[in-house]
Each structure stands twice: as C-alpha cells, then as structure tokens.
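Everything below belongs to start.csv, which stores CSV, C-alpha atoms.
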```csv
chain,number,residue,atom,x,y,z
N,1258,MET,CA,-7.2,-19.7,-4.3
N,1259,SER,CA,-6.1,-22.7,-2.5
N,1260,GLY,CA,-5.3,-21.2,0.8
N,1261,PRO,CA,-3.3,-18.5,2.6
N,1262,GLY,CA,-0.4,-17.1,0.6
N,1263,ALA,CA,-1.6,-18.8,-2.6
N,1264,SER,CA,-1.0,-16.9,-5.8
N,1265,PRO,CA,-4.0,-16.3,-8.1
N,1266,LYS,CA,-4.4,-18.5,-11.1
N,1267,ALA,CA,-4.3,-16.8,-14.4
N,1268,SER,CA,-7.1,-19.0,-15.7
N,1269,HIS,CA,-9.9,-18.1,-13.3
N,1270,GLN,CA,-13.0,-16.5,-14.6
N,1271,ALA,CA,-13.1,-12.7,-14.8
N,1272,ARG,CA,-15.8,-11.1,-12.7
N,1273,TRP,CA,-16.1,-7.7,-14.5
N,1274,ASP,CA,-19.5,-7.1,-12.8
N,1275,ALA,CA,-17.8,-7.2,-9.5
N,1276,ILE,CA,-15.1,-4.8,-10.7
N,1277,PHE,CA,-17.8,-2.3,-11.8
N,1278,SER,CA,-19.4,-2.6,-8.4
N,1279,LEU,CA,-16.0,-1.6,-6.8
N,1280,THR,CA,-15.8,1.3,-9.2
N,1281,LEU,CA,-19.2,2.5,-8.0
N,1282,GLY,CA,-18.1,2.2,-4.4
N,1283,VAL,CA,-14.9,4.1,-4.9
N,1284,PHE,CA,-16.8,6.8,-6.8
N,1285,GLY,CA,-18.9,7.3,-3.7
N,1286,LEU,CA,-16.0,7.3,-1.3
N,1287,VAL,CA,-13.9,9.8,-3.3
N,1288,THR,CA,-17.0,12.0,-3.9
N,1289,ALA,CA,-17.7,12.1,-0.2
N,1290,GLU,CA,-14.0,12.8,0.5
N,1291,PHE,CA,-14.0,15.9,-1.6
N,1292,LEU,CA,-17.5,17.2,-0.9
N,1293,PRO,CA,-16.5,19.6,1.9
N,1294,ALA,CA,-14.1,21.5,-0.3
N,1295,SER,CA,-17.1,22.9,-2.3
N,1296,LEU,CA,-19.4,23.3,0.7
N,1297,LEU,CA,-17.1,25.0,3.2
N,1298,THR,CA,-19.1,28.3,3.3
N,1299,PRO,CA,-22.6,26.8,4.0
N,1300,ILE,CA,-21.2,24.2,6.4
N,1301,SER,CA,-19.3,26.8,8.4
N,1302,ALA,CA,-22.3,29.2,8.5
N,1303,ASP,CA,-24.7,26.4,9.5
N,1304,LEU,CA,-22.6,24.8,12.2
N,1305,GLY,CA,-21.1,28.1,13.5
N,1306,ILE,CA,-17.5,27.3,12.8
N,1307,SER,CA,-14.8,29.0,10.7
N,1308,SER,CA,-14.1,28.0,7.1
N,1309,GLY,CA,-10.6,27.1,8.2
N,1310,THR,CA,-12.0,24.7,10.8
N,1311,ALA,CA,-14.5,23.2,8.3
N,1312,GLY,CA,-11.6,22.7,5.9
N,1313,GLN,CA,-9.8,20.5,8.4
N,1314,THR,CA,-12.5,17.8,7.8
N,1315,VAL,CA,-10.8,17.0,4.6
N,1316,THR,CA,-7.4,16.8,6.4
N,1317,VAL,CA,-8.8,14.5,9.0
N,1318,THR,CA,-10.1,12.0,6.4
N,1319,ALA,CA,-6.7,11.9,4.7
N,1320,ILE,CA,-4.8,11.3,7.9
N,1321,VAL,CA,-7.2,8.6,9.1
N,1322,ALA,CA,-7.0,6.9,5.7
N,1323,ALA,CA,-3.2,6.7,5.9
N,1324,ILE,CA,-3.4,4.9,9.3
N,1325,ALA,CA,-6.5,2.9,8.5
N,1326,GLY,CA,-5.1,1.2,5.4
N,1327,PRO,CA,-2.6,-1.1,7.2
N,1328,ALA,CA,-4.8,-1.3,10.3
N,1329,VAL,CA,-7.8,-2.6,8.3
N,1330,VAL,CA,-5.7,-5.1,6.4
N,1331,ILE,CA,-4.2,-6.5,9.6
N,1332,GLY,CA,-7.3,-6.2,11.8
N,1333,THR,CA,-9.6,-8.0,9.3
N,1334,ARG,CA,-7.1,-10.6,8.1
N,1335,SER,CA,-9.2,-13.5,9.3
N,1336,LEU,CA,-12.4,-12.3,7.6
N,1337,ASN,CA,-13.8,-13.1,4.2
N,1338,ARG,CA,-12.8,-10.2,2.0
N,1339,ARG,CA,-16.3,-10.0,0.6
N,1340,TRP,CA,-17.6,-9.1,4.1
N,1341,THR,CA,-14.7,-6.7,4.7
N,1342,LEU,CA,-15.6,-4.9,1.5
N,1343,PHE,CA,-19.2,-4.7,2.5
N,1344,GLY,CA,-18.1,-3.2,5.8
N,1345,LEU,CA,-16.0,-0.6,4.1
N,1346,THR,CA,-18.8,0.5,1.8
N,1347,ALA,CA,-21.2,0.5,4.7
N,1348,LEU,CA,-18.9,3.1,6.4
N,1349,LEU,CA,-19.5,5.4,3.4
N,1350,VAL,CA,-23.3,5.2,4.0
N,1351,ILE,CA,-23.0,5.7,7.8
N,1352,ALA,CA,-20.5,8.5,7.4
N,1353,SER,CA,-22.6,10.3,4.9
N,1354,ALA,CA,-25.7,10.0,7.1
N,1355,LEU,CA,-23.9,11.4,10.1
N,1356,ALA,CA,-22.5,14.3,8.1
N,1357,ALA,CA,-26.1,15.1,6.8
N,1358,LEU,CA,-27.4,15.0,10.4
N,1359,ALA,CA,-24.4,16.8,12.0
N,1360,ASN,CA,-25.5,19.6,14.4
N,1361,GLY,CA,-21.9,20.6,15.3
N,1362,LEU,CA,-18.2,20.0,14.6
N,1363,THR,CA,-17.9,16.9,16.7
N,1364,LEU,CA,-20.4,14.8,14.8
N,1365,LEU,CA,-19.1,16.1,11.5
N,1366,LEU,CA,-15.5,15.0,12.5
N,1367,VAL,CA,-16.8,11.6,13.6
N,1368,SER,CA,-18.3,11.1,10.1
N,1369,ARG,CA,-15.1,12.1,8.5
N,1370,VAL,CA,-13.1,9.7,10.6
N,1371,LEU,CA,-15.4,6.8,9.6
N,1372,LEU,CA,-15.1,7.9,6.0
N,1373,GLY,CA,-11.3,7.8,6.3
N,1374,ILE,CA,-11.4,4.3,7.6
N,1375,GLY,CA,-13.5,3.2,4.7
N,1376,LEU,CA,-11.4,5.0,2.2
N,1377,GLY,CA,-8.0,3.8,3.6
N,1378,GLY,CA,-9.2,0.2,3.9
N,1379,PHE,CA,-10.5,0.2,0.4
N,1380,TRP,CA,-7.3,1.6,-1.2
N,1381,ALA,CA,-5.1,-0.8,0.8
N,1382,MET,CA,-7.2,-3.8,-0.5
N,1383,ALA,CA,-8.1,-2.5,-4.0
N,1384,GLY,CA,-5.3,-4.2,-5.9
N,1385,ALA,CA,-5.6,-7.5,-4.0
N,1386,LEU,CA,-9.4,-7.5,-4.6
N,1387,ALA,CA,-9.0,-6.9,-8.3
N,1388,MET,CA,-6.3,-9.6,-8.6
N,1389,ARG,CA,-8.8,-12.1,-7.2
N,1390,LEU,CA,-11.7,-11.0,-9.4
N,1391,VAL,CA,-9.9,-11.1,-12.8
N,1392,PRO,CA,-7.0,-13.1,-14.2
N,1393,ILE,CA,-3.6,-11.5,-13.5
N,1394,ASP,CA,-3.1,-10.5,-17.2
N,1395,HIS,CA,-6.2,-8.4,-16.9
N,1396,LEU,CA,-5.3,-6.7,-13.6
N,1397,PRO,CA,-4.2,-3.3,-15.3
N,1398,ARG,CA,-7.5,-3.2,-17.1
N,1399,ALA,CA,-9.4,-3.9,-13.9
N,1400,MET,CA,-7.5,-1.2,-12.0
N,1401,ALA,CA,-8.1,1.3,-14.8
N,1402,ILE,CA,-11.8,0.6,-14.5
N,1403,ILE,CA,-11.7,1.1,-10.7
N,1404,PHE,CA,-9.7,4.3,-11.0
N,1405,THR,CA,-12.3,5.6,-13.5
N,1406,GLY,CA,-14.5,6.0,-10.4
N,1407,VAL,CA,-11.8,8.2,-8.9
N,1408,SER,CA,-11.4,10.3,-12.1
N,1409,VAL,CA,-15.1,10.9,-12.5
N,1410,ALA,CA,-15.4,11.8,-8.8
N,1411,THR,CA,-12.5,14.2,-8.9
N,1412,VAL,CA,-13.9,16.0,-11.9
N,1413,THR,CA,-17.6,16.1,-10.7
N,1414,ALA,CA,-17.5,16.2,-6.9
N,1415,ALA,CA,-16.7,19.9,-6.5
N,1416,PRO,CA,-19.1,21.4,-9.1
N,1417,LEU,CA,-21.9,19.0,-8.2
N,1418,GLY,CA,-21.4,19.6,-4.5
N,1419,ALA,CA,-21.5,23.4,-5.1
N,1420,TYR,CA,-24.7,23.1,-7.2
N,1421,ILE,CA,-26.5,20.8,-4.8
N,1422,GLY,CA,-25.4,22.9,-1.9
N,1423,SER,CA,-26.8,26.1,-3.5
N,1424,THR,CA,-30.1,24.5,-4.6
N,1425,LEU,CA,-31.0,21.8,-2.0
N,1426,GLY,CA,-28.6,22.6,0.8
N,1427,TRP,CA,-25.2,21.1,1.8
N,1428,ARG,CA,-26.8,18.3,3.8
N,1429,ALA,CA,-28.5,17.1,0.6
N,1430,ALA,CA,-25.1,16.6,-1.0
N,1431,PHE,CA,-24.2,14.1,1.7
N,1432,VAL,CA,-27.6,12.4,1.5
N,1433,ILE,CA,-26.9,11.8,-2.2
N,1434,ALA,CA,-23.4,10.5,-1.5
N,1435,GLY,CA,-25.0,8.1,1.0
N,1436,ALA,CA,-27.5,6.9,-1.7
N,1437,VAL,CA,-24.5,6.2,-4.0
N,1438,GLY,CA,-23.0,4.1,-1.2
N,1439,ILE,CA,-26.3,2.1,-0.8
N,1440,LEU,CA,-26.4,1.4,-4.5
N,1441,ALA,CA,-22.7,0.3,-4.4
N,1442,LEU,CA,-23.3,-1.9,-1.4
N,1443,LEU,CA,-26.3,-3.6,-3.1
N,1444,ALA,CA,-24.3,-4.1,-6.4
N,1445,GLN,CA,-21.4,-5.6,-4.4
N,1446,MET,CA,-23.7,-8.0,-2.6
N,1447,VAL,CA,-25.0,-9.2,-5.9
N,1448,THR,CA,-21.7,-9.4,-7.8
N,1449,VAL,CA,-18.8,-10.0,-5.5
N,1450,PRO,CA,-18.2,-13.7,-4.8
N,1451,SER,CA,-16.8,-15.2,-1.6
N,1452,LEU,CA,-13.2,-14.3,-1.1
N,1453,PRO,CA,-11.7,-16.3,1.8
N,1454,PRO,CA,-8.7,-14.7,3.6
N,1455,ALA,CA,-5.4,-15.0,1.8
N,1456,GLY,CA,-1.9,-14.1,2.7
N,1457,HIS,CA,-0.6,-13.4,6.2
N,1458,ALA,CA,-1.2,-9.8,6.8
N,1459,GLY,CA,0.7,-8.4,9.8
N,1460,LEU,CA,3.5,-5.9,10.6
N,1461,GLY,CA,6.1,-8.7,10.2
N,1462,THR,CA,4.7,-9.6,6.7
N,1463,MET,CA,4.7,-5.9,5.7
N,1464,ALA,CA,8.4,-5.7,6.8
N,1465,ALA,CA,9.2,-8.8,4.8
N,1466,VAL,CA,7.4,-7.5,1.7
N,1467,LEU,CA,9.3,-4.2,2.1
N,1468,LYS,CA,12.6,-6.2,1.7
N,1469,ARG,CA,11.7,-7.2,-1.8
N,1470,PRO,CA,13.7,-5.2,-4.3
N,1471,LYS,CA,10.8,-4.5,-6.7
N,1472,ILE,CA,8.6,-3.3,-3.9
N,1473,ARG,CA,11.3,-0.9,-2.6
N,1474,ILE,CA,11.9,0.4,-6.2
N,1475,GLY,CA,8.1,1.0,-6.7
N,1476,LEU,CA,7.7,2.7,-3.3
N,1477,PHE,CA,10.7,4.9,-3.7
N,1478,ALA,CA,9.6,6.0,-7.2
N,1479,THR,CA,6.1,6.7,-5.8
N,1480,LEU,CA,7.6,8.8,-3.0
N,1481,LEU,CA,9.5,10.9,-5.5
N,1482,ILE,CA,6.8,11.4,-8.2
N,1483,VAL,CA,3.8,11.9,-5.8
N,1484,ALA,CA,5.8,14.3,-3.6
N,1485,GLY,CA,6.7,16.3,-6.6
N,1486,HIS,CA,3.2,16.2,-8.0
N,1487,PHE,CA,1.6,17.5,-4.8
N,1488,ALA,CA,4.3,20.1,-4.3
N,1489,GLY,CA,3.2,21.5,-7.6
N,1490,PHE,CA,-0.5,20.9,-7.6
N,1491,THR,CA,-1.1,22.3,-4.1
N,1492,TYR,CA,0.1,25.6,-5.4
N,1493,ILE,CA,-1.2,25.5,-9.0
N,1494,ARG,CA,-3.6,28.4,-8.4
N,1495,PRO,CA,-0.9,30.8,-7.3
N,1496,TYR,CA,1.2,29.7,-10.4
N,1497,LEU,CA,-1.7,30.3,-12.8
N,1498,GLU,CA,-2.4,33.7,-11.2
N,1499,GLU,CA,1.2,34.9,-11.1
N,1500,VAL,CA,2.8,33.5,-14.3
N,1501,PRO,CA,0.2,33.4,-17.1
N,1502,HIS,CA,-2.0,35.8,-15.1
N,1503,PHE,CA,-5.2,33.9,-15.5
N,1504,ASP,CA,-8.4,35.2,-13.9
N,1505,VAL,CA,-10.7,33.0,-11.8
N,1506,GLU,CA,-12.9,31.9,-14.7
N,1507,MET,CA,-9.8,30.8,-16.7
N,1508,ILE,CA,-8.3,29.0,-13.7
N,1509,SER,CA,-11.6,27.0,-13.4
N,1510,LEU,CA,-11.4,26.0,-17.1
N,1511,VAL,CA,-7.8,25.0,-16.8
N,1512,LEU,CA,-8.5,22.8,-13.7
N,1513,LEU,CA,-11.5,21.3,-15.5
N,1514,ALA,CA,-9.2,20.5,-18.5
N,1515,TYR,CA,-6.7,19.0,-16.0
N,1516,GLY,CA,-9.5,16.7,-14.6
N,1517,ILE,CA,-10.7,15.6,-18.0
N,1518,GLY,CA,-7.1,14.9,-19.0
N,1519,GLY,CA,-6.8,12.7,-15.9
N,1520,PHE,CA,-9.8,10.7,-16.9
N,1521,PHE,CA,-8.3,9.8,-20.3
N,1522,GLY,CA,-4.8,9.4,-18.8
N,1523,ASN,CA,-6.2,6.7,-16.6
N,1524,ILE,CA,-7.6,4.8,-19.6
N,1525,VAL,CA,-4.3,5.1,-21.6
N,1526,GLY,CA,-2.3,4.2,-18.5
N,1527,GLY,CA,-4.2,1.0,-18.1
N,1528,MET,CA,-3.6,0.1,-21.7
N,1529,ILE,CA,0.1,0.7,-21.4
N,1530,THR,CA,0.3,-1.2,-18.1
N,1531,GLU,CA,-1.2,-4.3,-19.6
N,1532,ARG,CA,2.1,-4.6,-21.5
N,1533,SER,CA,4.4,-3.5,-18.7
N,1534,ALA,CA,3.6,-1.8,-15.4
N,1535,THR,CA,7.2,-0.4,-15.3
N,1536,MET,CA,6.6,1.2,-18.7
N,1537,GLY,CA,3.3,2.7,-17.4
N,1538,VAL,CA,5.0,4.3,-14.5
N,1539,VAL,CA,7.9,5.6,-16.6
N,1540,PHE,CA,5.4,6.9,-19.2
N,1541,ALA,CA,3.4,8.8,-16.6
N,1542,SER,CA,6.4,10.3,-14.7
N,1543,SER,CA,8.2,11.3,-17.9
N,1544,LEU,CA,5.1,13.2,-19.1
N,1545,ILE,CA,4.7,14.9,-15.7
N,1546,ALA,CA,8.3,16.0,-16.0
N,1547,ALA,CA,7.7,17.3,-19.6
N,1548,SER,CA,4.7,19.3,-18.4
N,1549,ALA,CA,6.8,20.8,-15.6
N,1550,VAL,CA,9.5,21.9,-18.0
N,1551,ILE,CA,6.9,23.6,-20.1
N,1552,LEU,CA,5.4,25.3,-17.1
N,1553,ALA,CA,8.8,26.4,-15.8
N,1554,THR,CA,10.1,27.7,-19.1
N,1555,LEU,CA,7.1,28.8,-21.3
N,1556,GLY,CA,4.5,29.4,-18.6
N,1557,VAL,CA,4.1,33.1,-19.3
N,1558,SER,CA,2.2,32.0,-22.5
N,1559,PRO,CA,-1.4,31.4,-21.6
N,1560,VAL,CA,-1.7,28.7,-24.3
N,1561,ALA,CA,1.5,26.9,-23.1
N,1562,SER,CA,0.3,26.9,-19.5
N,1563,ALA,CA,-3.2,25.6,-20.4
N,1564,VAL,CA,-1.7,22.8,-22.6
N,1565,ALA,CA,0.9,21.9,-20.0
N,1566,ALA,CA,-1.7,21.7,-17.2
N,1567,THR,CA,-3.9,19.5,-19.3
N,1568,LEU,CA,-0.9,17.2,-20.2
N,1569,TRP,CA,0.0,17.1,-16.5
N,1570,GLY,CA,-3.5,15.9,-15.6
N,1571,PHE,CA,-3.4,13.3,-18.3
N,1572,ALA,CA,0.0,12.1,-17.1
N,1573,PHE,CA,-0.9,11.9,-13.4
N,1574,GLY,CA,-4.1,10.1,-14.3
N,1575,ALA,CA,-2.0,7.3,-15.8
N,1576,LEU,CA,0.2,7.0,-12.6
N,1577,PRO,CA,-2.1,5.4,-10.0
N,1578,VAL,CA,-3.2,2.4,-12.2
N,1579,SER,CA,0.4,1.9,-13.3
N,1580,ILE,CA,2.0,1.9,-9.8
N,1581,GLN,CA,-0.8,0.0,-8.2
N,1582,SER,CA,-0.5,-2.8,-10.8
N,1583,TYR,CA,3.3,-2.8,-10.4
N,1584,ILE,CA,3.2,-3.2,-6.7
N,1585,THR,CA,0.5,-5.8,-6.8
N,1586,ARG,CA,2.4,-7.9,-9.4
N,1587,ALA,CA,5.5,-7.5,-7.3
N,1588,ALA,CA,3.9,-9.3,-4.3
N,1589,PRO,CA,0.9,-11.3,-5.6
N,1590,ASP,CA,1.1,-13.6,-2.6
N,1591,GLU,CA,0.8,-10.7,-0.1
N,1592,ALA,CA,-1.0,-8.2,-2.3
N,1593,GLU,CA,-2.9,-6.7,0.7
N,1594,SER,CA,0.2,-6.0,2.6
N,1595,ALA,CA,1.9,-4.5,-0.4
N,1596,GLY,CA,-1.2,-2.3,-1.0
N,1597,ALA,CA,-1.1,-1.1,2.5
N,1598,LEU,CA,2.5,-0.1,2.1
N,1599,LEU,CA,1.7,1.7,-1.1
N,1600,LEU,CA,-1.2,3.6,0.5
N,1601,THR,CA,1.0,4.8,3.4
N,1602,THR,CA,3.8,5.8,1.0
N,1603,PHE,CA,1.2,7.8,-1.1
N,1604,GLN,CA,0.0,9.7,2.0
N,1605,ILE,CA,3.5,10.4,3.2
N,1606,ALA,CA,4.4,11.7,-0.2
N,1607,ILE,CA,1.2,13.9,-0.4
N,1608,SER,CA,1.9,15.6,3.0
N,1609,SER,CA,5.7,16.0,2.5
N,1610,GLY,CA,5.1,17.3,-1.1
N,1611,ALA,CA,2.7,19.9,0.2
N,1612,VAL,CA,5.2,21.1,2.9
N,1613,LEU,CA,8.1,21.2,0.4
N,1614,GLY,CA,5.9,23.1,-2.1
N,1615,GLY,CA,5.1,25.7,0.6
N,1616,LEU,CA,8.7,26.2,1.4
N,1617,LEU,CA,9.7,26.5,-2.3
N,1618,ILE,CA,7.0,28.9,-3.2
N,1619,ASP,CA,8.0,31.2,-0.4
N,1620,LEU,CA,11.7,31.0,-1.3
N,1621,GLN,CA,11.7,30.7,-5.1
N,1622,GLY,CA,8.1,31.5,-6.2
N,1623,PRO,CA,5.9,29.3,-8.4
N,1624,ILE,CA,8.6,28.7,-11.0
N,1625,GLY,CA,10.7,27.0,-8.3
N,1626,VAL,CA,7.8,24.7,-7.4
N,1627,MET,CA,7.3,23.6,-11.0
N,1628,SER,CA,11.1,23.1,-11.3
N,1629,PHE,CA,11.0,20.8,-8.3
N,1630,LEU,CA,8.1,18.9,-9.8
N,1631,GLY,CA,10.1,18.3,-13.0
N,1632,VAL,CA,13.2,17.1,-11.1
N,1633,ALA,CA,11.2,14.8,-8.8
N,1634,ALA,CA,9.2,13.2,-11.7
N,1635,ILE,CA,12.3,12.6,-13.8
N,1636,LEU,CA,14.1,11.1,-10.9
N,1637,GLY,CA,11.1,8.8,-10.3
N,1638,ALA,CA,11.3,7.6,-13.9
N,1639,PHE,CA,15.1,7.1,-13.6
N,1640,VAL,CA,14.6,4.9,-10.5
N,1641,MET,CA,12.2,2.7,-12.3
N,1642,VAL,CA,14.4,2.3,-15.4
N,1643,ALA,CA,17.8,2.1,-13.7
N,1644,ARG,CA,16.9,0.1,-10.6
N,1645,GLY,CA,14.1,-2.0,-12.2
N,1646,GLY,CA,16.2,-2.9,-15.2
N,1647,ARG,CA,15.3,-4.8,-18.3
N,1648,GLN,CA,14.6,-8.0,-16.3
N,1649,VAL,CA,11.6,-6.4,-14.5
N,1650,GLN,CA,10.1,-5.3,-17.8
N,1651,LEU,CA,10.6,-8.7,-19.4
N,1652,SER,CA,9.0,-10.4,-16.5
N,1653,GLU,CA,5.9,-8.2,-16.9
N,1654,GLY,CA,5.7,-8.2,-20.6
```

Structure encoded using structure tokens:
Amino acid sequence: MSGPGASPKASHQARWDAIFSLTLGVFGLVTAEFLPASLLTPISADLGISSGTAGQTVTVTAIVAAIAGPAVVIGTRSLNRRWTLFGLTALLVIASALAALANGLTLLLVSRVLLGIGLGGFWAMAGALAMRLVPIDHLPRAMAIIFTGVSVATVTAAPLGAYIGSTLGWRAAFVIAGAVGILALLAQMVTVPSLPPAGHAGLGTMAAVLKRPKIRIGLFATLLIVAGHFAGFTYIRPYLEEVPHFDVEMISLVLLAYGIGGFFGNIVGGMITERSATMGVVFASSLIAASAVILATLGVSPVASAVAATLWGFAFGALPVSIQSYITRAAPDEAESAGALLLTTFQIAISSGAVLGGLLIDLQGPIGVMSFLGVAAILGAFVMVARGGRQVQLSEG
C-alpha cells in the first residue's frame, strides 16, 4: 500500500494467520451480541427488570452498530488500522466485563452500547482489512473464513448461553465471552501487521462511493434480499407452528438445521464468489426464493418445511460473503467507506424487513410473509443480473 487511496497489489503475501485472528474476534463479538437472547429470564430476575426490557439490550446493540460503522471509519481514519482493530476487540472485553458486573439496567445498557460500537466498527472495516491481508483474488476465501466465525457463533451462542446460564449463572456466560475477546486480542497482536491509514473516509467520500453504479446495484440488491429475509425469519416460529404444526422440540431441530445449513452455505458461497461475486449473490438470492416458494406452496408438509428451512439457512449463509466481496471489489480504493455503506444498508433492511413482516403476518398470515420473502429475493437476483450485466461478471471472473 503506497499511500491513501492506493489499491492493494494482487501480489502481496497472504496473512492467513491474521485472517483467522479476525475470525476469532468476530466469533466473540457475535456470541456476545446474541447471548442475552438465551439469558433473558435469569438476567431479568437478577436485575429486577422485565423480560421485555432485558430483550431491548439486543436491540440497543443493533441500533448502535448501525450508527457506529460509519462513525468508526470516519473517526479513526488517521489511525493505523492495526490499532483500530485492537480497540474494537478491546471493546468486546470491556463490554463483557461490564455485563458480568452489572447490578442494574444502566450498566448493562452501557455494556451493550460499547459492544455495538465494536461490532459496527468491525463489520464496516472487515472487507477492507481482509483485502489488505490477502491478495484480492483470495478475498472471497478470506471473507468466508471470517464469516465462519459468525456462523459458528449463530449456531452455538444460544444453546451454550442457556447451558452456562443454568449451570454457572448468566454472568459466567459474559465472562467466557470476555475471555474469547482476550484470546482474540492476543492473537491479533501477534498476527496482524501494521496497516497505515488508506483511503479518504468521510461523508463526502461515502457520497462519492454511493454514486458508483456497481455500489448502488449491490446496495439495492442487499436492501431487497435482506429485508425479505428478515421479514420471513423474524416470524419463522409462527409459520412453523401454524402451517406444518411443529411442536417446540421440532422447531428447535429445524432452527438448528437452519444454522448448520448456514455454516455450509458460507463455505460454498465463498467458493462461488472466488469466481464471481455477482454469481455468488445471484446464487444465494435464487435459493432463498426457491425456499420461500416451497414454504408458501408445500409448507403443510412437515418434511417440505424442514427441508426448505434448511435450504434457506444454506442460501442465506452464502449471501454475506458474496455481497461483502462484491461491494469491496467495487470500491477497492475506498473499501472502508463502501463497507460502512453496506453495514448501514444491512441494518436498515433488517429493521424495515421486521416491520413489513409484522404487517404482513397480521394481514395475510405466515404464508403472506413467505410469499413476500420469495418476491423480494428474486427481485434482488434480478437487480444483480439485469443491472450488473455481463460486463460486471466478466470483470470479476
């Protein structure tokens, strides 16, 4: 990297050890993010708050992450990215310690705000960091490795949190999350090289990046696909209860299969994206649409619902690595600004999808929600193919 705004050289040495240290860090961040979901009852009982109030600690983290992504990129633009990364990982350790020591709602919320800053900052910078640690041709593989941390955390955070909470207490779960953060920080100190500031992060730069056609295509497709996904996934339990009539045990198994599918989808998505990021996004969104069609038309069959939910998990697991690689490749000179725009788009899509899903399930029931999922996903694929065109695919191939 020769200076601000310079593009990475495809010939620089791959630092896979650093990539794995990022994976450990994101595993800790995402685990800490989802821990309260499995610990609401003991947290609310211990702190003397309602389960609904305790549940807002997850919401606070998500909202702060959406704002923190661009803010961290801009606010730390003059700092070595190695030290910025250390600071974000340190926030995981501090947040976990404060949560474990919380004697009331205020300190718990402070811990969740700090975690949101760490989480948002990391996701805004993830693609740019990976691009500087490995040659550009290996970016999809690097992102797939990093997202493996997300997949493992998504599958294990809730059951592990519940088990630790019932055996050692809910505070112990956050102590363990903090220990993972310490390990990640030590690994990053050993493996991540100096990464001087690059690009010109700022609101003006983000506005300029947003004018690039490929960026707009990727963000619009993301908005469609992710909004559809969270409209459906937010209400997957009512669907499974009302359409195939699953009991609680079967719902748990289906959600586990969904999570495992996501783990393998992330790996396959990375392999496809190495050839073409556009192809990876189209592959993921098309499979999501196919899953939605099965759920909307054949969902009364328990087998069809279970298979479709697993396929859905596999498909959505392939999406983040594909769209992150697409956006990073579309703006290699301003990858951090592009990453911040993607993070904000993702969070807008999550919140709007959940709201739309709530309206649809009240008006049309769970079948209406799954139908919307299918339409949104196939529109996302259409945007990538029709607007991206063959030239985009050839330039990535």

Using only C-alpha atoms: which of N:Ala1325, N:Met1528, N:Ala1430, N:Val1437 has the shortest distance to Leu1349 in chain N |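 Of all the options, N:Val1437 lies closest to Leu1349 in chain N.
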
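The gap separating CA of Asp1504 in chain N from CA of Ala1547 in chain N is 24.7 Å, in Å to one decimal.
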
Using only C-alpha atoms, find the one residue out of N:Ala1592, N:Leu1304, N:Ala1322, N:Ala1383 that sits nearest to Ala1399 in chain N.
-> N:Ala1383

Would you please work out which residue, of N:Gly1631, N:Pro1623, N:Pro1577, N:Pro1450, is nearest to Gly1527 in chain N when using all atoms listed in the file?
-> N:Pro1577

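Using only C-alpha atoms, the protein and nucleic acid residues lying no more than 12 Å from Glu1531 in chain N, apart from those fewer than 4 places from it along its own chain, are Pro1392, Ile1393, Asp1394, His1395, Leu1396, Pro1397, Arg1398, Ala1399, Met1400, Ala1401, Ile1524, Val1525, Gly1526, Gly1527, Thr1535, Met1536, Gly1537, Val1538, Val1578, Ser1579, Ser1582, Tyr1583, Arg1586, Gln1650, Glu1653 and Gly1654 of chain N.
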
Suppose we keep C-alpha atoms; can you now write the selection as a compact mmCIF listing (two decimals), in the coordinates of the input?
```txt
# COMPACT_ATOMS: atom_id res chain seq x y z
CA PRO N 1392 -7.00 -13.10 -14.20
CA ILE N 1393 -3.60 -11.50 -13.50
CA ASP N 1394 -3.10 -10.50 -17.20
CA HIS N 1395 -6.20 -8.40 -16.90
CA LEU N 1396 -5.30 -6.70 -13.60
CA PRO N 1397 -4.20 -3.30 -15.30
CA ARG N 1398 -7.50 -3.20 -17.10
CA ALA N 1399 -9.40 -3.90 -13.90
CA MET N 1400 -7.50 -1.20 -12.00
CA ALA N 1401 -8.10 1.30 -14.80
CA ILE N 1524 -7.60 4.80 -19.60
CA VAL N 1525 -4.30 5.10 -21.60
CA GLY N 1526 -2.30 4.20 -18.50
CA GLY N 1527 -4.20 1.00 -18.10
CA THR N 1535 7.20 -0.40 -15.30
CA MET N 1536 6.60 1.20 -18.70
CA GLY N 1537 3.30 2.70 -17.40
CA VAL N 1538 5.00 4.30 -14.50
CA VAL N 1578 -3.20 2.40 -12.20
CA SER N 1579 0.40 1.90 -13.30
CA SER N 1582 -0.50 -2.80 -10.80
CA TYR N 1583 3.30 -2.80 -10.40
CA ARG N 1586 2.40 -7.90 -9.40
CA GLN N 1650 10.10 -5.30 -17.80
CA GLU N 1653 5.90 -8.20 -16.90
CA GLY N 1654 5.70 -8.20 -20.60
```

Neighbours of range 1634-1638 of chain N within 7 Å (all atoms listed in the file; same-chain residues fewer than 4 positions away dropped), as an NGL selection string?
-> :N and (1478 or 1481-1482 or 1485 or 1539 or 1542-1543 or 1545-1546 or 1630 or 1642)

For Leu1476 in chain N, which residue out of N:Phe1603, N:Phe1521, N:Phe1343, N:Trp1273 is the nearest one, using only C-alpha atoms?
-> N:Phe1603

Counting only C-alpha atoms, which of N:Ala1323, N:Ala1434, N:Ala1514, N:Val1550 gets nearest to Ala1414 in chain N?
->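 Ranking N:Ala1323, N:Ala1434, N:Ala1514, N:Val1550 by distance to Ala1414 in chain N, first place goes to N:Ala1434.
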
Step by step: start from the point (-11.6, 8.1, 7.0) in the file's coordinates, keep every protein, DNA or RNA residue that has an atom no farther than 12 Å from it, count only C-alpha atoms, and write the set as an MDAnalysis selection string.
-> chainID N and resid 1286:1287 1289:1291 1314:1326 1329 1345:1346 1348:1349 1351:1353 1365:1380

Shell of 10 Å around Phe1571 in chain N, all atoms listed in the file, local chain residues under 2 positions omitted, as JSON, numbers by chain | {"N": [1514, 1515, 1516, 1517, 1518, 1519, 1520, 1521, 1522, 1523, 1524, 1525, 1526, 1541, 1544, 1545, 1565, 1566, 1567, 1568, 1569, 1573, 1574, 1575, 1576]}

Quick one, how far is CA of Lys1471 in chain N from CA of Ile1276 in chain N?
->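 If I compute the distance from CA of Lys1471 in chain N to CA of Ile1276 in chain N, I get 26.2 Å.
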